[in-house]
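See below for run30.pdb, which holds PDB, C-alpha atoms.
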ATOM      1  CA  MET A1389      47.885 -25.230-173.680
ATOM      2  CA  LYS A1390      48.635 -27.358-176.773
ATOM      3  CA  ARG A1391      47.913 -24.375-178.993
ATOM      4  CA  LEU A1392      50.506 -22.276-177.143
ATOM      5  CA  GLU A1393      53.373 -24.765-177.520
ATOM      6  CA  PRO A1394      54.507 -23.453-180.934
ATOM      7  CA  LEU A1395      54.468 -19.891-179.585
ATOM      8  CA  LEU A1396      56.484 -20.895-176.531
ATOM      9  CA  LEU A1397      59.023 -22.607-178.740
ATOM     10  CA  LEU A1398      59.252 -19.530-180.962
ATOM     11  CA  ALA A1399      59.669 -17.276-177.909
ATOM     12  CA  CYS A1400      62.464 -19.510-176.609
ATOM     13  CA  VAL A1401      64.273 -19.478-179.951
ATOM     14  CA  LEU A1402      63.974 -15.699-180.244
ATOM     15  CA  THR A1403      65.199 -15.190-176.685
ATOM     16  CA  VAL A1404      68.266 -17.352-177.295
ATOM     17  CA  SER A1405      68.923 -15.629-180.634
ATOM     18  CA  LEU A1406      68.646 -12.160-179.129
ATOM     19  CA  ALA A1407      70.869 -13.116-176.207
ATOM     20  CA  ALA A1408      73.489 -14.440-178.628
ATOM     21  CA  GLY A1409      73.284 -11.156-180.546
ATOM     22  CA  CYS A1410      74.434  -9.285-177.432
ATOM     23  CA  GLY A1411      77.909 -10.835-177.646
ATOM     24  CA  ASN A1412      81.115  -9.024-178.406
ATOM     25  CA  ALA A1413      81.691  -7.003-181.565
ATOM     26  CA  CYS A1414      84.280  -9.440-182.927
ATOM     27  CA  LEU A1415      81.838 -12.355-182.811
ATOM     28  CA  LYS A1416      79.218 -10.168-184.484
ATOM     29  CA  LEU A1417      81.764  -9.324-187.172
ATOM     30  CA  ALA A1418      82.655 -12.989-187.574
ATOM     31  CA  ASP A1419      78.963 -13.827-187.940
ATOM     32  CA  GLN A1420      78.601 -11.108-190.562
ATOM     33  CA  ILE A1421      81.563 -12.492-192.511
ATOM     34  CA  CYS A1422      80.322 -16.071-192.098
ATOM     35  CA  SER A1423      76.922 -15.064-193.446
ATOM     36  CA  CYS A1424      78.624 -14.602-196.823
ATOM     37  CA  GLN A1425      79.295 -18.346-197.079
ATOM     38  CA  PRO A1426      77.326 -20.035-199.882
ATOM     39  CA  ASP A1427      75.388 -22.611-197.835
ATOM     40  CA  ASP A1428      74.134 -23.392-194.329
ATOM     41  CA  THR A1429      76.818 -25.983-193.617
ATOM     42  CA  SER A1430      79.640 -23.614-194.583
ATOM     43  CA  ARG A1431      78.090 -20.824-192.503
ATOM     44  CA  ALA A1432      77.734 -23.093-189.458
ATOM     45  CA  ASN A1433      81.324 -24.341-189.810
ATOM     46  CA  CYS A1434      82.600 -20.782-190.164
ATOM     47  CA  GLN A1435      80.730 -19.648-187.054
ATOM     48  CA  GLN A1436      81.972 -22.625-185.069
ATOM     49  CA  ARG A1437      85.587 -21.916-186.093
ATOM     50  CA  ALA A1438      85.170 -18.295-184.985
ATOM     51  CA  ARG A1439      83.901 -19.376-181.570
ATOM     52  CA  ASP A1440      86.656 -21.961-181.250
ATOM     53  CA  GLN A1441      89.268 -19.300-182.011
ATOM     54  CA  GLU A1442      87.767 -16.968-179.424
ATOM     55  CA  SER A1443      88.458 -19.567-176.735
ATOM     56  CA  ILE A1444      92.089 -19.839-177.884
ATOM     57  CA  PHE A1445      92.813 -16.150-178.545
ATOM     58  CA  PRO A1446      91.056 -13.860-176.053
ATOM     59  CA  VAL A1447      89.574 -10.671-177.475
ATOM     60  CA  ARG A1448      91.193  -7.525-176.081
ATOM     61  CA  THR A1449      89.591  -4.097-175.766
ATOM     62  CA  GLN A1450      91.576  -2.871-178.788
ATOM     63  CA  ASP A1451      90.286  -5.826-180.817
ATOM     64  CA  GLU A1452      86.711  -4.996-179.825
ATOM     65  CA  GLN A1453      87.209  -1.415-181.004
ATOM     66  CA  VAL A1454      88.600  -2.522-184.375
ATOM     67  CA  CYS A1455      85.754  -4.998-184.841
ATOM     68  CA  GLN A1456      83.131  -2.424-183.895
ATOM     69  CA  ALA A1457      84.650   0.095-186.318
ATOM     70  CA  ALA A1458      84.495  -2.510-189.107
ATOM     71  CA  LEU A1459      80.848  -3.235-188.237
ATOM     72  CA  ASP A1460      79.951   0.459-188.153
ATOM     73  CA  SER A1461      81.655   1.212-191.475
ATOM     74  CA  GLN A1462      80.214  -1.874-193.229
ATOM     75  CA  LYS A1463      83.723  -2.627-194.578
ATOM     76  CA  CYS A1464      83.125  -6.372-194.272
ATOM     77  CA  ASN A1465      79.878  -6.758-196.185
ATOM     78  CA  CYS A1466      79.594  -9.666-198.605
ATOM     79  CA  GLN A1467      80.048  -7.470-201.678
ATOM     80  CA  ASN A1468      83.365  -6.079-200.372
ATOM     81  CA  LEU A1469      84.634  -9.545-199.496
ATOM     82  CA  LEU A1470      84.462 -10.566-203.159
ATOM     83  CA  THR A1471      87.523  -8.492-204.081
ATOM     84  CA  PRO A1472      91.111  -8.568-202.778
ATOM     85  CA  GLU A1473      90.874  -4.838-202.056
ATOM     86  CA  GLY A1474      87.662  -5.314-200.084
ATOM     87  CA  ARG A1475      89.169  -8.162-198.045
ATOM     88  CA  ALA A1476      92.225  -5.988-197.295
ATOM     89  CA  GLU A1477      89.947  -3.103-196.239
ATOM     90  CA  CYS A1478      88.063  -5.506-193.966
ATOM     91  CA  GLY A1479      91.351  -6.727-192.489
ATOM     92  CA  ILE A1480      91.150 -10.357-193.568
ATOM     93  CA  ALA A1481      93.580 -10.344-196.484
ATOM     94  CA  TYR A1482      96.631 -12.563-196.368
ATOM     95  CA  THR A1483     100.076 -11.278-197.244
ATOM     96  CA  PHE A1484     102.266 -13.715-199.140
ATOM     97  CA  ALA A1485     105.998 -13.691-199.726
ATOM     98  CA  PRO A1486     106.984 -12.917-203.327
ATOM     99  CA  LEU A1487     107.320 -16.051-205.436
ATOM    100  CA  ASP A1488     110.874 -15.253-206.512
ATOM    101  CA  ALA A1489     112.146 -14.761-202.949
ATOM    102  CA  PRO A1490     113.059 -17.943-201.045
ATOM    103  CA  ALA A1491     111.558 -18.391-197.620
ATOM    104  CA  THR A1492     114.007 -18.123-194.753
ATOM    105  CA  SER A1493     113.846 -19.312-191.181
ATOM    106  CA  GLN A1494     115.714 -18.008-188.201
TER     107      GLN A1494
END
How does this structure look as C-alpha coordinates?
Amino acid sequence: MKRLEPLLLLACVLTVSLAAGCGNACLKLADQICSCQPDDTSRANCQQRARDQESIFPVRTQDEQVCQAALDSQKCNCQNLLTPEGRAECGIAYTFAPLDAPATSQ
(Lines of atoms letter the chains of each structure in order from A and count residues from 1; the text may use other names and numbers.)
(Lines give C-alpha, C1' and ligand atoms only; values in the text may rest on other atoms or scores of the structure.)
Protein backbone atom coordinates (compact mmCIF):
# COMPACT_ATOMS: atom_id res chain seq x y z
CA MET A 1 0.00 0.00 0.00
CA LYS A 2 2.91 2.37 0.76
CA ARG A 3 4.07 2.09 -2.84
CA LEU A 4 0.65 3.21 -4.10
CA GLU A 5 0.48 6.39 -2.00
CA PRO A 6 2.32 8.58 -4.54
CA LEU A 7 0.03 7.30 -7.31
CA LEU A 8 -3.07 8.00 -5.23
CA LEU A 9 -1.84 11.51 -4.55
CA LEU A 10 -1.16 12.06 -8.25
CA ALA A 11 -4.62 10.72 -9.15
CA CYS A 12 -6.22 13.08 -6.64
CA VAL A 13 -4.31 16.08 -7.98
CA LEU A 14 -5.21 15.22 -11.58
CA THR A 15 -8.87 14.72 -10.69
CA VAL A 16 -9.05 18.11 -8.98
CA SER A 17 -7.18 19.76 -11.87
CA LEU A 18 -9.46 18.23 -14.48
CA ALA A 19 -12.56 19.16 -12.51
CA ALA A 20 -11.33 22.75 -12.27
CA GLY A 21 -10.77 22.75 -16.03
CA CYS A 22 -14.48 22.11 -16.57
CA GLY A 23 -15.38 25.58 -15.28
CA ASN A 24 -16.84 28.40 -17.30
CA ALA A 25 -15.19 29.85 -20.39
CA CYS A 26 -14.44 33.18 -18.71
CA LEU A 27 -12.43 31.52 -15.93
CA LYS A 28 -10.59 29.48 -18.56
CA LEU A 29 -9.83 32.70 -20.41
CA ALA A 30 -8.68 34.36 -17.20
CA ASP A 31 -6.40 31.39 -16.51
CA GLN A 32 -4.99 31.65 -20.03
CA ILE A 33 -4.29 35.36 -19.55
CA CYS A 34 -2.85 34.77 -16.07
CA SER A 35 -0.52 32.12 -17.46
CA CYS A 36 1.32 34.96 -19.22
CA GLN A 37 2.48 36.38 -15.88
CA PRO A 38 6.25 36.12 -15.37
CA ASP A 39 6.33 34.04 -12.17
CA ASP A 40 4.29 31.60 -10.08
CA THR A 41 3.34 34.18 -7.46
CA SER A 42 2.04 36.64 -10.06
CA ARG A 43 0.10 33.86 -11.81
CA ALA A 44 -1.47 32.70 -8.53
CA ASN A 45 -2.42 36.28 -7.57
CA CYS A 46 -3.91 36.88 -11.01
CA GLN A 47 -5.98 33.70 -10.83
CA GLN A 48 -7.19 34.54 -7.34
CA ARG A 49 -8.25 38.04 -8.44
CA ALA A 50 -10.18 36.52 -11.35
CA ARG A 51 -12.04 34.17 -9.01
CA ASP A 52 -12.70 36.97 -6.55
CA GLN A 53 -14.17 39.10 -9.34
CA GLU A 54 -16.39 36.24 -10.47
CA SER A 55 -18.05 36.23 -7.04
CA ILE A 56 -18.68 39.98 -7.29
CA PHE A 57 -19.71 40.20 -10.96
CA PRO A 58 -21.72 37.16 -12.08
CA VAL A 59 -20.94 35.83 -15.55
CA ARG A 60 -23.89 36.09 -17.94
CA THR A 61 -24.56 33.88 -20.95
CA GLN A 62 -23.41 36.67 -23.28
CA ASP A 63 -20.15 36.94 -21.32
CA GLU A 64 -19.60 33.19 -21.65
CA GLN A 65 -20.07 33.45 -25.41
CA VAL A 66 -17.56 36.31 -25.71
CA CYS A 67 -15.04 34.45 -23.57
CA GLN A 68 -15.48 31.23 -25.53
CA ALA A 69 -15.03 33.11 -28.82
CA ALA A 70 -11.79 34.64 -27.49
CA LEU A 71 -10.58 31.18 -26.43
CA ASP A 72 -11.48 29.64 -29.79
CA SER A 73 -9.79 32.40 -31.79
CA GLN A 74 -6.65 32.44 -29.60
CA LYS A 75 -6.90 36.27 -29.48
CA CYS A 76 -5.62 36.32 -25.90
CA ASN A 77 -2.42 34.31 -26.23
CA CYS A 78 0.68 35.63 -24.48
CA GLN A 79 2.25 36.90 -27.70
CA ASN A 80 -0.81 39.03 -28.53
CA LEU A 81 -0.95 40.45 -25.01
CA LEU A 82 2.48 42.03 -25.48
CA THR A 83 1.14 44.74 -27.80
CA PRO A 84 -1.56 47.39 -27.28
CA GLU A 85 -3.30 46.17 -30.44
CA GLY A 86 -3.28 42.58 -29.19
CA ARG A 87 -4.69 43.61 -25.80
CA ALA A 88 -7.44 45.59 -27.56
CA GLU A 89 -8.24 42.58 -29.78
CA CYS A 90 -8.43 40.41 -26.66
CA GLY A 91 -10.74 42.95 -25.01
CA ILE A 92 -8.54 43.91 -22.08
CA ALA A 93 -7.27 47.29 -23.25
CA TYR A 94 -8.02 50.37 -21.21
CA THR A 95 -9.32 53.55 -22.79
CA PHE A 96 -7.95 56.75 -21.31
CA ALA A 97 -9.19 60.31 -21.61
CA PRO A 98 -6.94 62.54 -23.73
CA LEU A 99 -4.31 64.32 -21.66
CA ASP A 100 -5.33 67.78 -22.87
CA ALA A 101 -9.01 67.32 -21.97
CA PRO A 102 -9.92 67.94 -18.31
CA ALA A 103 -11.90 65.26 -16.55
CA THR A 104 -15.47 66.18 -15.73
CA SER A 105 -17.93 64.77 -13.25
CA GLN A 106 -21.68 64.93 -13.33
Name the residues in contact with A:Cys1464 at a cut-off of 12 Å, using all atoms listed in the file, excluding same-chain residues fewer than 6 positions from it; report them as a PDB file with C-alpha atoms, keeping the file's coordinate frame.
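Just written: around-v1.pdb:
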ATOM      1  CA  CYS A1414      84.280  -9.440-182.927  1.00  0.00           C
ATOM      2  CA  LYS A1416      79.218 -10.168-184.484  1.00  0.00           C
ATOM      3  CA  LEU A1417      81.764  -9.324-187.172  1.00  0.00           C
ATOM      4  CA  ALA A1418      82.655 -12.989-187.574  1.00  0.00           C
ATOM      5  CA  ASP A1419      78.963 -13.827-187.940  1.00  0.00           C
ATOM      6  CA  GLN A1420      78.601 -11.108-190.562  1.00  0.00           C
ATOM      7  CA  ILE A1421      81.563 -12.492-192.511  1.00  0.00           C
ATOM      8  CA  CYS A1422      80.322 -16.071-192.098  1.00  0.00           C
ATOM      9  CA  SER A1423      76.922 -15.064-193.446  1.00  0.00           C
ATOM     10  CA  CYS A1424      78.624 -14.602-196.823  1.00  0.00           C
ATOM     11  CA  VAL A1454      88.600  -2.522-184.375  1.00  0.00           C
ATOM     12  CA  CYS A1455      85.754  -4.998-184.841  1.00  0.00           C
ATOM     13  CA  GLN A1456      83.131  -2.424-183.895  1.00  0.00           C
ATOM     14  CA  ALA A1457      84.650   0.095-186.318  1.00  0.00           C
ATOM     15  CA  ALA A1458      84.495  -2.510-189.107  1.00  0.00           C
ATOM     16  CA  LEU A1470      84.462 -10.566-203.159  1.00  0.00           C
ATOM     17  CA  THR A1471      87.523  -8.492-204.081  1.00  0.00           C
ATOM     18  CA  PRO A1472      91.111  -8.568-202.778  1.00  0.00           C
ATOM     19  CA  GLU A1473      90.874  -4.838-202.056  1.00  0.00           C
ATOM     20  CA  GLY A1474      87.662  -5.314-200.084  1.00  0.00           C
ATOM     21  CA  ARG A1475      89.169  -8.162-198.045  1.00  0.00           C
ATOM     22  CA  ALA A1476      92.225  -5.988-197.295  1.00  0.00           C
ATOM     23  CA  GLU A1477      89.947  -3.103-196.239  1.00  0.00           C
ATOM     24  CA  CYS A1478      88.063  -5.506-193.966  1.00  0.00           C
ATOM     25  CA  GLY A1479      91.351  -6.727-192.489  1.00  0.00           C
ATOM     26  CA  ILE A1480      91.150 -10.357-193.568  1.00  0.00           C
ATOM     27  CA  ALA A1481      93.580 -10.344-196.484  1.00  0.00           C
TER      28      ALA A1481
END
Take atom CA of A:Leu1415 and atom CA of A:Lys1463 and report the distance between them in Å, one decimal.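 Here the two named atoms are 15.4 Å from each other.
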Which of these residues is nearest to A:Gln1425, using all atoms listed in the file: A:Asn1412, A:Ile1444, A:Tyr1482, A:Asn1465? A:Asn1465
One decimal, Å: what's the distance from atom CA of A:Glu1442 over to atom CA of A:Asn1468, could you say?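 Interatomic distance here is 24.0 Å.
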Please compute the atom CA of A:Gln1450-atom CA of A:Ala1413 distance, one decimal, in Å. 11.1 Å
